[in-house]
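Quick look at work-v4.csv (CSV, C-alpha atoms):
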chain,number,residue,atom,x,y,z
A,1,MET,CA,-3.3,-2.9,-5.1
A,2,VAL,CA,-2.9,-4.8,-8.3
A,3,LEU,CA,-3.1,-8.4,-6.9
A,4,GLU,CA,-5.4,-7.9,-3.9
A,5,HIS,CA,-7.8,-5.2,-5.1
A,6,ALA,CA,-7.6,-5.4,-8.9
A,7,ALA,CA,-7.1,-1.6,-8.9
A,8,ARG,CA,-5.2,-1.5,-12.2
A,9,ASP,CA,-3.6,-3.8,-14.7
A,10,GLY,CA,0.0,-3.4,-13.6
A,11,THR,CA,2.6,-1.6,-11.6
A,12,HIS,CA,6.2,-0.4,-12.1
A,13,ASP,CA,7.3,-1.9,-8.8
A,14,VAL,CA,6.3,-4.1,-5.9
A,15,ASP,CA,6.1,-2.4,-2.5
A,16,CYS,CA,7.2,-4.4,0.4
A,17,GLY,CA,7.7,-4.0,4.2
A,18,GLU,CA,10.8,-4.9,6.1
A,19,ILE,CA,12.7,-7.7,4.4
A,20,THR,CA,14.3,-10.4,6.5
A,21,PRO,CA,16.9,-11.6,5.9
A,22,HIS,CA,17.6,-8.4,3.9
A,23,GLY,CA,20.8,-9.4,2.1
A,24,GLU,CA,19.4,-12.7,0.8
A,25,VAL,CA,16.1,-11.2,-0.4
A,26,PHE,CA,17.9,-8.3,-2.0
A,27,ARG,CA,20.3,-10.6,-3.9
A,28,ALA,CA,17.3,-12.7,-5.0
A,29,SER,CA,15.5,-9.6,-6.2
A,30,LEU,CA,18.5,-8.7,-8.3
A,31,ALA,CA,18.5,-12.2,-9.9
A,32,VAL,CA,14.8,-11.9,-10.7
A,33,ALA,CA,15.4,-8.4,-12.2
A,34,ALA,CA,18.2,-9.8,-14.4
A,35,GLU,CA,16.2,-12.8,-15.5
A,36,LEU,CA,13.0,-10.9,-16.3
A,37,LYS,CA,14.7,-7.7,-17.5
A,38,LEU,CA,13.1,-5.6,-14.7
A,39,PRO,CA,14.6,-2.5,-13.2
A,40,GLN,CA,16.9,-3.4,-10.2
A,41,GLY,CA,14.6,-1.5,-7.9
A,42,TRP,CA,11.4,-3.4,-8.8
A,43,LEU,CA,11.2,-4.6,-5.2
A,44,ASN,CA,10.5,-1.3,-3.4
A,45,GLN,CA,11.2,-1.2,0.3
A,46,GLN,CA,10.6,2.6,0.5
A,47,ALA,CA,6.9,2.0,1.3
A,48,SER,CA,8.0,0.4,4.6
A,49,ALA,CA,8.4,4.0,5.9
A,50,TYR,CA,4.6,4.3,5.9
A,51,VAL,CA,3.8,0.8,7.3
A,52,PRO,CA,2.4,1.1,10.9
A,53,THR,CA,4.5,-0.7,13.5
A,54,ASP,CA,1.7,-3.1,14.3
A,55,ALA,CA,0.4,-3.4,10.8
A,56,PRO,CA,-2.4,-6.0,10.3
A,57,TRP,CA,-1.0,-8.3,7.6
A,58,GLN,CA,-3.1,-11.0,6.0
A,59,GLN,CA,-2.1,-13.9,3.7
A,60,SER,CA,-3.0,-13.0,0.1
A,61,ALA,CA,-6.3,-14.3,-1.1
A,62,SER,CA,-5.4,-13.8,-4.7
A,63,PHE,CA,-1.9,-15.4,-4.8
A,64,ASP,CA,-1.1,-19.0,-4.2
A,65,HIS,CA,2.2,-20.7,-4.8
A,66,PRO,CA,3.8,-23.6,-2.9
A,67,ASN,CA,7.2,-21.9,-2.5
A,68,LEU,CA,6.2,-18.3,-1.8
A,69,ARG,CA,3.7,-16.8,0.6
A,70,LEU,CA,2.4,-13.3,-0.2
A,71,TYR,CA,1.0,-11.2,2.7
A,72,ALA,CA,-0.9,-8.0,2.1
A,73,ILE,CA,-1.6,-5.2,4.6
A,74,SER,CA,-5.3,-4.8,5.5
A,75,PRO,CA,-7.3,-2.4,3.3
A,76,LYS,CA,-7.9,0.0,6.2
A,77,ALA,CA,-4.2,0.2,7.0
A,78,LEU,CA,-3.4,0.5,3.3
A,79,LEU,CA,-5.8,3.4,2.9
A,80,ALA,CA,-4.2,5.1,6.0
A,81,MET,CA,-0.7,4.6,4.5
A,82,LYS,CA,-1.7,6.0,1.1
A,83,LEU,CA,-3.3,9.1,2.7
A,84,GLN,CA,-0.3,9.6,5.0
A,85,ALA,CA,2.0,9.5,1.9
A,86,GLY,CA,-0.1,12.1,0.2
A,87,ARG,CA,1.0,11.4,-3.3
A,88,GLY,CA,-1.1,12.5,-6.2
A,89,SER,CA,-0.3,9.2,-7.9
A,90,ASP,CA,-2.2,7.4,-5.2
A,91,LEU,CA,-5.5,9.1,-5.8
A,92,ALA,CA,-7.0,6.2,-7.8
A,93,ASP,CA,-5.9,3.7,-5.2
A,94,ILE,CA,-7.4,5.8,-2.5
A,95,CYS,CA,-10.7,5.9,-4.3
A,96,VAL,CA,-10.7,2.1,-4.8
A,97,LEU,CA,-10.0,1.6,-1.1
A,98,LEU,CA,-12.7,4.1,0.0
A,99,LYS,CA,-15.2,2.2,-2.2
A,100,LEU,CA,-14.1,-1.2,-0.9
A,101,LEU,CA,-14.4,-0.1,2.7
A,102,LYS,CA,-17.7,1.8,2.0
A,103,LEU,CA,-16.3,5.0,3.4
A,104,GLN,CA,-17.8,8.3,2.1
A,105,ASP,CA,-17.5,10.5,5.2
A,106,ARG,CA,-14.4,12.6,5.8
A,107,ASP,CA,-14.7,12.3,9.6
A,108,GLU,CA,-14.9,8.5,9.4
A,109,VAL,CA,-11.8,8.3,7.3
A,110,LEU,CA,-9.9,10.7,9.6
A,111,THR,CA,-10.9,8.5,12.6
A,112,LEU,CA,-9.6,5.4,10.8
A,113,VAL,CA,-6.3,7.2,10.0
A,114,ALA,CA,-6.0,8.4,13.6
A,115,ALA,CA,-6.5,4.8,14.9
A,116,ILE,CA,-3.8,3.5,12.6
A,117,PHE,CA,-1.4,6.4,13.0
A,118,PRO,CA,-2.1,7.9,16.4
A,119,GLY,CA,-0.5,11.4,16.9
A,120,GLU,CA,0.1,11.7,13.1
A,121,PRO,CA,-2.8,13.8,11.7
A,122,LEU,CA,-3.0,14.4,8.0
A,123,GLY,CA,-1.5,17.6,6.8
A,124,PRO,CA,-3.1,20.0,4.3
A,125,ARG,CA,-1.8,18.2,1.2
A,126,GLN,CA,-3.1,14.8,2.5
A,127,LEU,CA,-6.4,16.4,3.4
A,128,ASP,CA,-6.7,17.8,-0.1
A,129,ALA,CA,-6.1,14.3,-1.5
A,130,LEU,CA,-8.7,12.9,0.7
A,131,ASP,CA,-11.2,15.5,-0.3
A,132,ASP,CA,-10.5,15.0,-3.9
A,133,ALA,CA,-11.0,11.2,-3.6
A,134,LEU,CA,-14.3,11.6,-1.6
A,135,ALA,CA,-15.5,14.1,-4.2
A,136,SER,CA,-14.9,11.7,-7.0
A,137,LEU,CA,-16.9,8.8,-5.5
For this file, produce the structure as structure tokens.
Amino acid sequence: MVLEHAARDGTHDVDCGEITPHGEVFRASLAVAAELKLPQGWLNQQASAYVPTDAPWQQSASFDHPNLRLYAISPKALLAMKLQAGRGSDLADICVLLKLLKLQDRDEVLTLVAAIFPGEPLGPRQLDALDDALASL
């Protein structure tokens, strides 16, 4: 959200999907944490629980480095993930993504979520978050 969508100035961690090879990447993240005085958990793999199995990844348009490629999940999939997670802390990000995708209709959003997470409808808490986000647009 910070790099791809300029949703805010910073973040306390970097969410990532499945890491391969996990051990090497984890050790490298600990070295980065030590060098930059970051918390050891700055590279957060917990978000991978919400990544759809066939997630549409795209190379970052905002990050370019010869030794590192950054891939971001599509805005539609990211919106669906944030709605599935249903965290109040994601409300601002949900609003940014709704605006970016020009979505203002609840049924359109629910259709998008159903396409990305078939058989996993939003529950009452998630629906409340969606309604709050739509109301604030």
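You will find CA of Ser62 in chain A at 20.4 Å from CA of Cys95 in chain A.
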Exercise. For Ala115 in chain A, work out the shell of residues within 12 Å, counting all atoms listed in the file and skipping chain neighbours fewer than 5 positions away, then give it as an MDAnalysis selection string.
Key: chainID A and resid 52 54:55 76:77 80:81 108:110 120:121
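With all atoms listed in the file as the atoms that count, the residue of A:Asp132, A:Asp64, A:Asp105, A:Glu35 with the shortest distance to Leu83 in chain A is A:Asp132.
With distances taken over all atoms listed in the file, A:Pro75 is the one residue among A:Pro21, A:Gly119, A:Gly10, A:Pro75 lying closest to Leu103 in chain A.
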Quiz item: Using only C-alpha atoms, which residue out of A:Ile94, A:Gly17, A:Gln46, A:Thr11 lies closest to Leu70 in chain A?
Solution: A:Gly17
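Interatomic distance, CA of Trp42 in chain A against CA of Leu30 in chain A: 8.9 Å.
Every protein or nucleic acid residue with an atom no more than 12 Å from Arg106 in chain A, counting all atoms listed in the file and leaving out same-chain residues fewer than 6 positions away, appears here: Leu98, Leu112, Val113, Leu122, Gln126, Leu127, Asp128, Ala129, Leu130, Asp131, Asp132, Ala133, Leu134 and Ala135 of chain A.
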Self-check item: Among the residues A:Arg87, A:His12, A:Lys99, A:Lys37, the one that comes closest to Ser136 in chain A [using all atoms listed in the file]
Solution: A:Lys99
Determine, counting all atoms listed in the file, which protein, DNA and RNA residues have an atom within 12 Å of an atom of Ser74 in chain A; residues of the same chain fewer than 2 positions away are not included. Present the result as an mmCIF file with C-alpha atoms, in the coordinates of the input.
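Generated file (selection10.cif):
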data_model
loop_
_atom_site.group_PDB
_atom_site.id
_atom_site.type_symbol
_atom_site.label_atom_id
_atom_site.label_comp_id
_atom_site.auth_asym_id
_atom_site.auth_seq_id
_atom_site.Cartn_x
_atom_site.Cartn_y
_atom_site.Cartn_z
ATOM 1 C CA MET A 1 -3.300 -2.900 -5.100
ATOM 2 C CA GLU A 4 -5.400 -7.900 -3.900
ATOM 3 C CA HIS A 5 -7.800 -5.200 -5.100
ATOM 4 C CA VAL A 51 3.800 0.800 7.300
ATOM 5 C CA PRO A 52 2.400 1.100 10.900
ATOM 6 C CA ASP A 54 1.700 -3.100 14.300
ATOM 7 C CA ALA A 55 0.400 -3.400 10.800
ATOM 8 C CA PRO A 56 -2.400 -6.000 10.300
ATOM 9 C CA TRP A 57 -1.000 -8.300 7.600
ATOM 10 C CA GLN A 58 -3.100 -11.000 6.000
ATOM 11 C CA GLN A 59 -2.100 -13.900 3.700
ATOM 12 C CA SER A 60 -3.000 -13.000 0.100
ATOM 13 C CA ALA A 61 -6.300 -14.300 -1.100
ATOM 14 C CA TYR A 71 1.000 -11.200 2.700
ATOM 15 C CA ALA A 72 -0.900 -8.000 2.100
ATOM 16 C CA LYS A 76 -7.900 0.000 6.200
ATOM 17 C CA ALA A 77 -4.200 0.200 7.000
ATOM 18 C CA LEU A 78 -3.400 0.500 3.300
ATOM 19 C CA LEU A 79 -5.800 3.400 2.900
ATOM 20 C CA ALA A 80 -4.200 5.100 6.000
ATOM 21 C CA MET A 81 -0.700 4.600 4.500
ATOM 22 C CA LEU A 97 -10.000 1.600 -1.100
ATOM 23 C CA LEU A 100 -14.100 -1.200 -0.900
ATOM 24 C CA LEU A 101 -14.400 -0.100 2.700
ATOM 25 C CA ILE A 116 -3.800 3.500 12.600
#
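Between CA of Asp90 in chain A and CA of Ala31 in chain A there is a distance of 28.9 Å.
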Quiz item: Which is closest to Ala92 in chain A among A:Leu38, A:Leu137, A:Ile73, A:Leu68, if we use all atoms listed in the file?
Solution: A:Leu137
Quiz item: Mind listing as a PyMOL selection string all residues within 8 Å of (5.2, 5.0, 2.1), counting only C-alpha atoms?
Solution: chain A and resi 46-51+81-82+84-85
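Among the candidate residues A:Gly123, A:Asp9, A:Gly88, A:Gln45, the one lying nearest to Phe26 in chain A is A:Gln45, with distances computed using only C-alpha atoms.
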